[in-house]
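Student: Dropping in model37.cif, which is mmCIF, C-alpha atoms:
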```cif
data_upload
loop_
_atom_site.label_atom_id
_atom_site.label_comp_id
_atom_site.auth_asym_id
_atom_site.auth_seq_id
_atom_site.Cartn_x
_atom_site.Cartn_y
_atom_site.Cartn_z
CA MET B 12 -20.89 -17.24 0.09
CA TYR B 13 -21.19 -13.48 0.24
CA SER B 14 -19.00 -11.05 -1.65
CA VAL B 15 -19.04 -7.34 -2.41
CA ALA B 16 -18.70 -6.59 -6.12
CA LEU B 17 -17.96 -3.27 -7.75
CA THR B 18 -20.68 -3.16 -10.41
CA ASP B 19 -20.03 0.41 -11.60
CA LYS B 20 -18.19 3.49 -10.42
CA ARG B 21 -19.07 4.20 -6.79
CA THR B 22 -21.43 1.20 -6.74
CA LEU B 23 -20.66 -1.68 -4.41
CA GLU B 24 -23.18 -4.52 -4.24
CA LEU B 25 -23.41 -7.28 -1.63
CA GLN B 26 -23.96 -10.48 -3.61
CA GLU B 27 -24.58 -14.09 -2.73
CA ARG B 28 -22.51 -16.39 -4.93
CA GLU B 29 -21.85 -20.10 -5.12
CA TYR B 30 -19.19 -21.53 -2.83
CA PRO B 31 -15.96 -21.45 -4.89
CA LYS B 32 -14.46 -24.58 -6.42
CA ILE B 33 -10.73 -24.79 -7.00
CA THR B 34 -8.50 -26.72 -9.37
CA SER B 35 -5.64 -28.97 -8.29
CA ASP B 36 -3.24 -25.98 -8.60
CA GLU B 37 -5.25 -23.39 -6.68
CA ILE B 38 -5.85 -22.43 -3.05
CA LEU B 39 -9.12 -21.39 -1.42
CA LEU B 40 -8.67 -18.79 1.28
CA LYS B 41 -11.18 -17.74 3.92
CA VAL B 42 -10.73 -13.98 4.16
CA HIS B 43 -10.44 -12.71 7.72
CA ALA B 44 -9.23 -9.17 6.97
CA ILE B 45 -8.99 -7.02 3.86
CA GLY B 46 -7.68 -3.45 3.86
CA VAL B 47 -9.01 -0.60 1.73
CA CYS B 48 -6.08 0.66 -0.35
CA GLY B 49 -5.76 4.03 -2.03
CA SER B 50 -5.68 2.24 -5.38
CA ASP B 51 -8.99 0.54 -4.46
CA LEU B 52 -10.42 4.01 -3.93
CA ARG B 53 -9.24 5.14 -7.37
CA VAL B 54 -10.90 2.13 -9.00
CA TYR B 55 -14.04 2.76 -6.93
CA GLN B 56 -14.22 6.44 -7.85
CA HIS B 57 -12.85 6.52 -11.39
CA GLY B 58 -12.80 2.95 -12.74
CA ASP B 59 -9.73 1.32 -14.26
CA ALA B 60 -8.97 -0.10 -17.70
CA ARG B 61 -7.81 -3.32 -16.03
CA VAL B 62 -11.05 -3.85 -14.12
CA ASP B 63 -14.18 -5.21 -15.77
CA PHE B 64 -17.49 -4.82 -13.92
CA PRO B 65 -18.62 -6.63 -11.91
CA ARG B 66 -15.38 -7.27 -10.04
CA VAL B 67 -14.59 -8.09 -6.43
CA ILE B 68 -11.66 -5.77 -5.82
CA GLY B 69 -9.19 -5.68 -2.92
CA HIS B 70 -5.65 -7.01 -2.53
CA GLU B 71 -4.58 -6.28 1.08
CA ILE B 72 -5.65 -9.76 2.15
CA ALA B 73 -5.05 -11.94 5.20
CA GLY B 74 -6.86 -15.18 5.85
CA GLU B 75 -6.94 -18.91 6.47
CA VAL B 76 -6.29 -21.69 3.99
CA VAL B 77 -9.44 -23.83 3.86
CA GLU B 78 -8.56 -25.90 0.81
CA SER B 79 -5.30 -26.54 -1.04
CA GLY B 80 -5.16 -28.14 -4.50
CA SER B 81 -4.03 -31.77 -4.79
CA ASN B 82 -0.88 -30.74 -6.70
CA LEU B 83 0.25 -28.47 -3.87
CA SER B 84 2.15 -29.35 -0.71
CA ARG B 85 3.47 -26.09 0.73
CA PHE B 86 0.18 -25.01 2.34
CA GLN B 87 -2.20 -27.01 4.50
CA THR B 88 -5.72 -26.45 5.73
CA GLY B 89 -5.64 -24.08 8.68
CA ASP B 90 -2.52 -22.19 7.66
CA ARG B 91 -2.76 -18.50 8.55
CA VAL B 92 -1.38 -16.38 5.70
CA THR B 93 -1.13 -12.91 4.24
CA LEU B 94 -0.76 -12.03 0.58
CA GLY B 95 1.13 -9.76 -1.77
CA ALA B 96 -0.82 -8.11 -4.58
CA HIS B 97 0.92 -9.10 -7.81
CA ILE B 98 0.32 -12.12 -10.04
CA PRO B 99 3.69 -12.49 -11.80
CA CYS B 100 3.85 -14.53 -14.99
CA GLY B 101 7.11 -16.11 -13.82
CA GLU B 102 8.64 -16.01 -17.29
CA CYS B 103 9.35 -12.41 -18.35
CA VAL B 104 12.69 -10.64 -17.85
CA PHE B 105 11.45 -8.93 -14.67
CA CYS B 106 10.09 -12.11 -13.12
CA GLN B 107 13.36 -13.86 -13.89
CA LYS B 108 15.14 -11.11 -11.94
CA ASN B 109 12.81 -11.60 -8.94
CA GLU B 110 11.03 -8.36 -9.81
CA GLY B 111 7.58 -9.84 -10.27
CA HIS B 112 5.98 -6.55 -9.21
CA GLN B 113 7.19 -5.18 -12.56
CA CYS B 114 5.95 -8.19 -14.57
CA VAL B 115 5.17 -7.26 -18.19
CA GLU B 116 1.69 -8.77 -17.84
CA GLY B 117 0.98 -6.43 -14.92
CA LYS B 118 -1.70 -8.60 -13.33
CA SER B 119 -2.84 -8.22 -9.72
CA MET B 120 -5.38 -9.61 -7.29
CA GLY B 121 -8.59 -7.59 -7.33
CA TYR B 122 -7.92 -6.25 -10.82
CA HIS B 123 -7.70 -9.13 -13.28
CA VAL B 124 -9.22 -11.72 -10.93
CA ASP B 125 -11.57 -11.36 -7.98
CA GLY B 126 -9.97 -10.03 -4.83
CA GLY B 127 -10.63 -10.01 -1.12
CA PHE B 128 -13.86 -8.18 -0.34
CA ALA B 129 -15.57 -11.53 0.06
CA GLU B 130 -15.89 -14.40 2.51
CA TYR B 131 -13.61 -16.54 0.32
CA VAL B 132 -11.08 -15.83 -2.43
CA VAL B 133 -9.53 -18.25 -4.92
CA LEU B 134 -5.77 -17.89 -5.36
CA PRO B 135 -5.11 -18.76 -9.03
CA LYS B 136 -2.31 -21.02 -10.24
CA LYS B 137 0.02 -18.21 -11.37
CA PHE B 138 -0.36 -16.47 -8.03
CA VAL B 139 0.31 -19.66 -6.08
CA GLU B 140 3.39 -20.35 -8.22
CA ASN B 141 4.89 -16.88 -8.45
CA GLY B 142 3.10 -14.53 -6.07
CA SER B 143 3.71 -13.92 -2.38
CA ILE B 144 1.81 -16.04 0.14
CA GLN B 145 3.41 -15.77 3.56
CA LYS B 146 2.54 -17.55 6.79
CA ILE B 147 2.03 -15.32 9.82
CA ALA B 148 2.81 -15.91 13.48
CA ASP B 149 0.07 -17.34 15.67
CA THR B 150 0.31 -14.17 17.74
CA THR B 151 -0.31 -11.87 14.76
CA SER B 152 -3.92 -10.86 14.18
CA TYR B 153 -5.35 -11.04 10.69
CA GLU B 154 -6.07 -7.30 10.82
CA LEU B 155 -2.40 -6.48 11.38
CA ALA B 156 -1.33 -9.08 8.81
CA SER B 157 -3.43 -7.31 6.15
CA LEU B 158 -1.00 -4.37 6.49
CA SER B 159 1.85 -6.49 5.13
CA GLU B 160 1.15 -5.60 1.50
CA PRO B 161 1.07 -1.80 1.92
CA PHE B 162 4.00 -1.89 4.34
CA SER B 163 6.05 -3.90 1.83
CA CYS B 164 5.51 -1.00 -0.58
CA VAL B 165 6.78 1.40 2.10
CA LEU B 166 9.89 -0.73 2.57
CA SER B 167 10.41 -0.77 -1.19
CA GLY B 168 10.45 3.02 -1.25
CA LEU B 169 12.82 3.25 1.71
CA TYR B 170 15.28 0.87 0.10
CA GLU B 171 15.02 2.66 -3.24
CA VAL B 172 16.13 6.00 -1.77
CA ASP B 173 18.54 4.29 0.63
CA VAL B 174 17.63 6.31 3.71
CA LYS B 175 20.51 6.42 6.20
CA PRO B 176 20.44 6.92 9.99
CA GLY B 177 20.88 10.57 10.90
CA GLU B 178 19.08 11.96 7.84
CA ASN B 179 16.48 14.70 7.91
CA VAL B 180 13.47 13.47 5.96
CA VAL B 181 10.32 15.24 4.76
CA VAL B 182 7.16 13.18 4.24
CA TYR B 183 4.35 14.82 2.28
CA GLY B 184 1.01 13.29 3.25
CA ALA B 185 0.07 11.61 6.53
CA GLY B 186 -2.43 9.01 5.46
CA ALA B 187 -1.81 5.35 6.28
CA ILE B 188 1.18 5.13 3.93
CA GLY B 189 2.65 8.44 5.07
CA CYS B 190 2.35 7.47 8.74
CA MET B 191 3.95 4.08 8.03
CA TYR B 192 6.85 5.94 6.42
CA ILE B 193 7.15 8.27 9.41
CA ALA B 194 7.17 5.43 11.94
CA ALA B 195 9.60 3.30 9.93
CA LEU B 196 11.95 6.24 9.38
CA LYS B 197 12.17 6.90 13.10
CA LYS B 198 12.74 3.20 13.77
CA MET B 199 15.55 3.22 11.18
CA GLY B 200 17.30 6.16 12.85
CA ALA B 201 16.19 9.28 11.00
CA ALA B 202 17.35 12.35 12.90
CA LYS B 203 14.37 14.50 12.09
CA VAL B 204 11.14 13.58 10.30
CA ILE B 205 9.09 16.51 9.04
CA ALA B 206 5.50 15.77 7.99
CA VAL B 207 3.49 18.07 5.71
CA GLN B 208 -0.27 17.55 5.93
CA ARG B 209 -3.33 19.74 5.40
CA SER B 210 -5.95 18.04 7.60
CA ALA B 211 -5.72 18.50 11.37
CA PRO B 212 -6.67 14.90 12.33
CA ARG B 213 -3.95 13.50 10.12
CA ARG B 214 -1.41 16.01 11.43
CA GLN B 215 -2.16 14.56 14.85
CA LYS B 216 -1.66 11.03 13.47
CA ALA B 217 1.69 12.12 12.04
CA LEU B 218 2.78 13.26 15.51
CA GLU B 219 1.56 10.01 17.06
CA SER B 220 3.54 8.08 14.43
CA GLY B 221 6.74 9.84 15.47
CA ALA B 222 7.06 12.99 13.35
CA ASP B 223 9.32 15.57 14.98
CA ILE B 224 7.77 18.52 13.15
CA VAL B 225 4.37 18.75 11.46
CA ILE B 226 3.66 21.55 9.00
CA ASP B 227 0.22 22.76 7.95
CA PRO B 228 0.70 24.09 4.39
CA ASN B 229 -2.60 25.97 4.71
CA SER B 230 -1.09 28.36 7.25
CA ALA B 231 2.69 28.10 6.92
CA ASP B 232 5.37 28.59 4.30
CA THR B 233 6.39 24.94 3.90
CA ALA B 234 9.67 25.63 2.13
CA LEU B 235 10.71 28.19 4.77
CA GLU B 236 9.78 25.88 7.65
CA ILE B 237 11.82 23.04 6.15
CA SER B 238 14.77 25.35 5.53
CA ASP B 239 14.69 26.57 9.13
CA ALA B 240 14.51 22.99 10.44
CA THR B 241 17.52 21.88 8.36
CA GLN B 242 19.88 24.82 8.95
CA GLY B 243 19.12 26.17 5.49
CA LEU B 244 20.36 23.05 3.69
CA GLY B 245 17.07 21.36 2.86
CA ALA B 246 16.04 17.78 3.54
CA ASP B 247 18.34 14.85 2.86
CA THR B 248 15.37 12.87 1.55
CA VAL B 249 11.85 13.88 0.53
CA ILE B 250 9.07 11.31 0.22
CA VAL B 251 5.86 12.29 -1.57
CA THR B 252 2.85 10.14 -0.65
CA ALA B 253 0.31 12.79 -1.67
CA PRO B 254 -1.08 12.56 -5.24
CA SER B 255 -0.26 16.14 -6.19
CA THR B 256 1.83 17.54 -9.02
CA GLU B 257 2.32 20.77 -7.07
CA VAL B 258 3.77 18.82 -4.16
CA GLN B 259 6.03 16.91 -6.55
CA LYS B 260 7.37 20.23 -7.82
CA GLU B 261 7.83 21.53 -4.29
CA ALA B 262 9.75 18.41 -3.28
CA LEU B 263 12.47 19.35 -5.76
CA GLU B 264 12.69 22.77 -4.13
CA VAL B 265 12.99 21.66 -0.49
CA VAL B 266 15.46 18.80 -0.94
CA LYS B 267 19.10 19.68 -0.34
CA LYS B 268 21.90 19.43 -2.91
CA THR B 269 22.83 15.78 -3.59
CA GLY B 270 19.59 14.78 -1.86
CA LYS B 271 16.99 12.19 -2.80
CA VAL B 272 13.32 12.44 -3.77
CA LEU B 273 10.83 9.56 -3.84
CA PHE B 274 7.56 9.92 -5.74
CA PHE B 275 5.33 7.26 -4.19
CA ALA B 276 1.80 8.39 -5.03
CA GLY B 277 0.50 8.30 -8.58
CA ILE B 278 -1.42 11.23 -10.02
CA LYS B 279 -5.17 10.70 -10.48
CA ASN B 280 -5.57 12.82 -13.60
CA VAL B 281 -2.28 12.84 -15.47
CA THR B 282 -1.47 16.30 -16.77
CA GLU B 283 1.64 17.86 -18.25
CA VAL B 284 3.17 19.99 -15.50
CA PRO B 285 6.41 21.89 -16.06
CA ILE B 286 9.20 20.77 -13.73
CA ASN B 287 12.44 22.67 -13.33
CA THR B 288 14.88 19.98 -14.46
CA ASN B 289 17.79 22.23 -13.49
CA HIS B 290 17.21 20.94 -9.96
CA PHE B 291 18.12 17.45 -11.18
CA ILE B 292 21.34 18.74 -12.67
CA TYR B 293 22.69 21.50 -10.47
CA LYS B 294 21.49 20.02 -7.18
CA GLN B 295 22.66 16.60 -8.40
CA LEU B 296 19.51 14.87 -7.19
CA LYS B 297 18.47 11.27 -7.17
CA VAL B 298 14.77 11.25 -8.09
CA VAL B 299 13.01 7.89 -8.11
CA GLY B 300 9.55 6.36 -8.09
CA THR B 301 8.31 3.04 -6.74
CA HIS B 302 5.31 0.89 -7.50
CA GLY B 303 4.43 -2.22 -5.52
CA ALA B 304 7.08 -4.39 -3.94
CA PRO B 305 9.09 -7.52 -4.73
CA ARG B 306 8.36 -10.72 -2.82
CA HIS B 307 11.43 -10.50 -0.57
CA LEU B 308 10.21 -7.18 0.82
CA HIS B 309 6.77 -8.64 1.46
CA ILE B 310 8.54 -11.32 3.48
CA GLU B 311 10.39 -8.58 5.37
CA ALA B 312 7.16 -6.66 5.98
CA VAL B 313 5.61 -9.76 7.56
CA LYS B 314 8.67 -10.03 9.82
CA TRP B 315 8.25 -6.43 10.97
CA ILE B 316 4.60 -7.13 11.82
CA ASP B 317 5.19 -10.53 13.45
CA GLU B 318 7.96 -9.12 15.64
CA GLY B 319 6.09 -5.92 16.48
CA LEU B 320 8.86 -3.62 15.32
CA LEU B 321 6.29 -0.84 14.99
CA ASP B 322 2.91 -0.23 16.62
CA PHE B 323 1.03 -1.35 13.52
CA SER B 324 -2.30 -1.30 15.36
CA SER B 325 -2.15 2.51 15.38
CA PHE B 326 -2.56 2.62 11.60
CA ILE B 327 -5.93 0.81 11.66
CA THR B 328 -8.55 3.35 12.70
CA HIS B 329 -11.76 1.71 11.45
CA THR B 330 -13.04 -1.86 11.00
CA PHE B 331 -16.25 -2.96 9.28
CA PRO B 332 -18.17 -6.18 8.60
CA LEU B 333 -18.48 -7.28 4.97
CA LYS B 334 -22.02 -5.94 4.63
CA GLU B 335 -20.69 -2.45 5.42
CA THR B 336 -17.92 -2.44 2.81
CA ASP B 337 -19.55 0.56 1.12
CA LYS B 338 -19.28 2.44 4.42
CA ALA B 339 -15.61 1.43 4.69
CA PHE B 340 -14.96 2.93 1.25
CA GLU B 341 -16.82 6.15 1.96
CA THR B 342 -14.99 6.51 5.28
CA ALA B 343 -11.67 6.09 3.46
CA VAL B 344 -12.70 8.54 0.73
CA SER B 345 -13.59 11.15 3.35
CA LYS B 346 -10.12 10.75 4.93
CA GLU B 347 -11.86 10.37 8.28
CA GLY B 348 -9.24 7.89 9.46
CA LEU B 349 -6.10 6.16 8.24
CA LYS B 350 -6.60 2.50 7.34
CA CYS B 351 -10.07 0.99 7.03
CA VAL B 352 -10.17 -2.81 7.31
CA VAL B 353 -13.12 -5.05 6.41
CA LYS B 354 -13.54 -8.29 8.38
CA PRO B 355 -15.72 -10.67 6.31
CA THR B 356 -15.98 -13.29 9.07
CA GLU B 357 -17.87 -10.90 11.35
#
```
Since I need it in another form, could you write the structure as structure tokens?
Tutor:
Amino acid sequence: MYSVALTDKRTLELQEREYPKITSDEILLKVHAIGVCGSDLRVYQHGDARVDFPRVIGHEIAGEVVESGSNLSRFQTGDRVTLGAHIPCGECVFCQKNEGHQCVEGKSMGYHVDGGFAEYVVLPKKFVENGSIQKIADTTSYELASLSEPFSCVLSGLYEVDVKPGENVVVYGAGAIGCMYIAALKKMGAAKVIAVQRSAPRRQKALESGADIVIDPNSADTALEISDATQGLGADTVIVTAPSTEVQKEALEVVKKTGKVLFFAGIKNVTEVPINTNHFIYKQLKVVGTHGAPRHLHIEAVKWIDEGLLDFSSFITHTFPLKETDKAFETAVSKEGLKCVVKPTE
């Protein structure tokens, strides 16, 4: 079989490997679609302590079960499925609380074991036992199904800040995640969604996803624009999908008193940045962060996709065959589109 391994920073290599063999507790999946995640890009550009080279990365996986271990009965050959990212241990305090995405072992597909940029991927025992493997509707394409993992993370953020119908919400960043937030917020009844985005093509994508107002921070006073759009009160909720400490600081300025702030995007190079904690106190804010998603929200994400509750096809702007995975990554790095999806069967 063919796979694409990350052999060093910014070095992806198409390799021919032996056809995988599985144990009686594992599943062999034929990968039909694998999305390029922002975290994949960070590993690609900067490396990661959890990733040893060479490693087949990638965790936004949808495919077909081609072999199921003899000890397993839930999945059969031919089942069409999509995956979560985490490999919960099943035993720690978080796993016992159905919060496997916070498992103390912190293992994930494409980090500690080979992921989906390959024709086939082996789902290890712990993943089969405790991870999220969800069947998809016959009418759902594998490309759309590969969005279930990132969209489950979007749902996790929305539930964490408990967005209510009628709220005015600011979304910083209009990449794939930001546009998913915008579309979901409008579907859930947000009164006004204000997107803040530097690049013109992504500002257009924000509008297409349902944003009521789009601000270009290169040419406008973002805080003033948000104040004007919210009758001087500020936003009920602010969601930060851009990896910027300056934006994180600004979010605390533009949210209204008793409002909510969600920090979704991690910072590439962690630095100590002063934050005015008086905002937390005197504005009585709820400030939260989210990472990953629990299994029940992955199940819900699949339902949204299967039932077509949003136009998920609009988030996929580029597709590539496996041999052009390097091009998929460079396209994603350049921010030319939103979601790049690799289709190893083509």
Student: Which residues match the PyMOL selection byres ((chain B and resi 13-18) around 12) in the file above, as a ChimeraX atom specification?
Tutor: /B:12,19-31,41-42,45,51-52,54-59,62-69,121-122,124-132,332-340,353-357
Student: Expressed in Å to a single decimal, how great is the separation between CA of Asp223 (chain B) and CA of Leu235 (chain B)?
Tutor: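 Calculated distance between CA of Asp223 (chain B) and CA of Leu235 (chain B) is 16.3 Å.
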Student: Given all atoms listed in the file, how would the per-residue table for region 42-97 of chain B near region 263-281 of chain B read, listing every residue at most 10 Å away with its closest atom pair and distance in Å to one decimal, sorted by chain and number, as a tab-separated table?
Tutor:
```
residue	atom	partner	partner_atom	distance
B:Gly49	CA	B:Ala276	CA	9.2
B:Ser50	CA	B:Gly277	CA	9.2
B:Arg53	CA	B:Lys279	CA	7.6
B:His57	CA	B:Lys279	CA	8.8
```
Student: For the file shown, report as a PDB file with C-alpha atoms, keeping the file's coordinate frame the outcome of the PyMOL selection byres ((chain B and resi 176-192) around 9) at residue level.
Tutor:
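What landed in result-v2.pdb:
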```
ATOM      1  CA  PRO B 161       1.070  -1.800   1.920  1.00  0.00           C
ATOM      2  CA  PHE B 162       4.000  -1.890   4.340  1.00  0.00           C
ATOM      3  CA  CYS B 164       5.510  -1.000  -0.580  1.00  0.00           C
ATOM      4  CA  VAL B 165       6.780   1.400   2.100  1.00  0.00           C
ATOM      5  CA  LEU B 166       9.890  -0.730   2.570  1.00  0.00           C
ATOM      6  CA  GLY B 168      10.450   3.020  -1.250  1.00  0.00           C
ATOM      7  CA  LEU B 169      12.820   3.250   1.710  1.00  0.00           C
ATOM      8  CA  VAL B 174      17.630   6.310   3.710  1.00  0.00           C
ATOM      9  CA  LYS B 175      20.510   6.420   6.200  1.00  0.00           C
ATOM     10  CA  ILE B 193       7.150   8.270   9.410  1.00  0.00           C
ATOM     11  CA  ALA B 194       7.170   5.430  11.940  1.00  0.00           C
ATOM     12  CA  ALA B 195       9.600   3.300   9.930  1.00  0.00           C
ATOM     13  CA  LEU B 196      11.950   6.240   9.380  1.00  0.00           C
ATOM     14  CA  LYS B 197      12.170   6.900  13.100  1.00  0.00           C
ATOM     15  CA  MET B 199      15.550   3.220  11.180  1.00  0.00           C
ATOM     16  CA  GLY B 200      17.300   6.160  12.850  1.00  0.00           C
ATOM     17  CA  ALA B 201      16.190   9.280  11.000  1.00  0.00           C
ATOM     18  CA  ALA B 202      17.350  12.350  12.900  1.00  0.00           C
ATOM     19  CA  LYS B 203      14.370  14.500  12.090  1.00  0.00           C
ATOM     20  CA  VAL B 204      11.140  13.580  10.300  1.00  0.00           C
ATOM     21  CA  ILE B 205       9.090  16.510   9.040  1.00  0.00           C
ATOM     22  CA  ALA B 206       5.500  15.770   7.990  1.00  0.00           C
ATOM     23  CA  VAL B 207       3.490  18.070   5.710  1.00  0.00           C
ATOM     24  CA  GLN B 208      -0.270  17.550   5.930  1.00  0.00           C
ATOM     25  CA  ARG B 209      -3.330  19.740   5.400  1.00  0.00           C
ATOM     26  CA  SER B 210      -5.950  18.040   7.600  1.00  0.00           C
ATOM     27  CA  ARG B 213      -3.950  13.500  10.120  1.00  0.00           C
ATOM     28  CA  ARG B 214      -1.410  16.010  11.430  1.00  0.00           C
ATOM     29  CA  LYS B 216      -1.660  11.030  13.470  1.00  0.00           C
ATOM     30  CA  ALA B 217       1.690  12.120  12.040  1.00  0.00           C
ATOM     31  CA  LEU B 218       2.780  13.260  15.510  1.00  0.00           C
ATOM     32  CA  GLU B 219       1.560  10.010  17.060  1.00  0.00           C
ATOM     33  CA  SER B 220       3.540   8.080  14.430  1.00  0.00           C
ATOM     34  CA  GLY B 221       6.740   9.840  15.470  1.00  0.00           C
ATOM     35  CA  ALA B 222       7.060  12.990  13.350  1.00  0.00           C
ATOM     36  CA  ILE B 237      11.820  23.040   6.150  1.00  0.00           C
ATOM     37  CA  ALA B 240      14.510  22.990  10.440  1.00  0.00           C
ATOM     38  CA  THR B 241      17.520  21.880   8.360  1.00  0.00           C
ATOM     39  CA  GLY B 245      17.070  21.360   2.860  1.00  0.00           C
ATOM     40  CA  ALA B 246      16.040  17.780   3.540  1.00  0.00           C
ATOM     41  CA  ASP B 247      18.340  14.850   2.860  1.00  0.00           C
ATOM     42  CA  THR B 248      15.370  12.870   1.550  1.00  0.00           C
ATOM     43  CA  VAL B 249      11.850  13.880   0.530  1.00  0.00           C
ATOM     44  CA  ILE B 250       9.070  11.310   0.220  1.00  0.00           C
ATOM     45  CA  VAL B 251       5.860  12.290  -1.570  1.00  0.00           C
ATOM     46  CA  THR B 252       2.850  10.140  -0.650  1.00  0.00           C
ATOM     47  CA  ALA B 253       0.310  12.790  -1.670  1.00  0.00           C
ATOM     48  CA  PRO B 254      -1.080  12.560  -5.240  1.00  0.00           C
ATOM     49  CA  VAL B 258       3.770  18.820  -4.160  1.00  0.00           C
ATOM     50  CA  ALA B 262       9.750  18.410  -3.280  1.00  0.00           C
ATOM     51  CA  VAL B 265      12.990  21.660  -0.490  1.00  0.00           C
ATOM     52  CA  VAL B 266      15.460  18.800  -0.940  1.00  0.00           C
ATOM     53  CA  LEU B 321       6.290  -0.840  14.990  1.00  0.00           C
ATOM     54  CA  PHE B 323       1.030  -1.350  13.520  1.00  0.00           C
ATOM     55  CA  PHE B 326      -2.560   2.620  11.600  1.00  0.00           C
ATOM     56  CA  ILE B 327      -5.930   0.810  11.660  1.00  0.00           C
ATOM     57  CA  LYS B 346     -10.120  10.750   4.930  1.00  0.00           C
ATOM     58  CA  GLY B 348      -9.240   7.890   9.460  1.00  0.00           C
ATOM     59  CA  LEU B 349      -6.100   6.160   8.240  1.00  0.00           C
ATOM     60  CA  LYS B 350      -6.600   2.500   7.340  1.00  0.00           C
TER      61      LYS B 350
END
```
Student: From the list B:Ser163, B:Leu39, B:Thr88, B:Arg61, which residue is nearest Gly117 (chain B) when using all atoms listed in the file?
Tutor: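 Of all the options, B:Arg61 lies closest to Gly117 (chain B).
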Student: Figure out the distance between CA of Ala343 (chain B) and CA of Val133 (chain B), please, to one decimal in Å.
Tutor: 25.8 Å
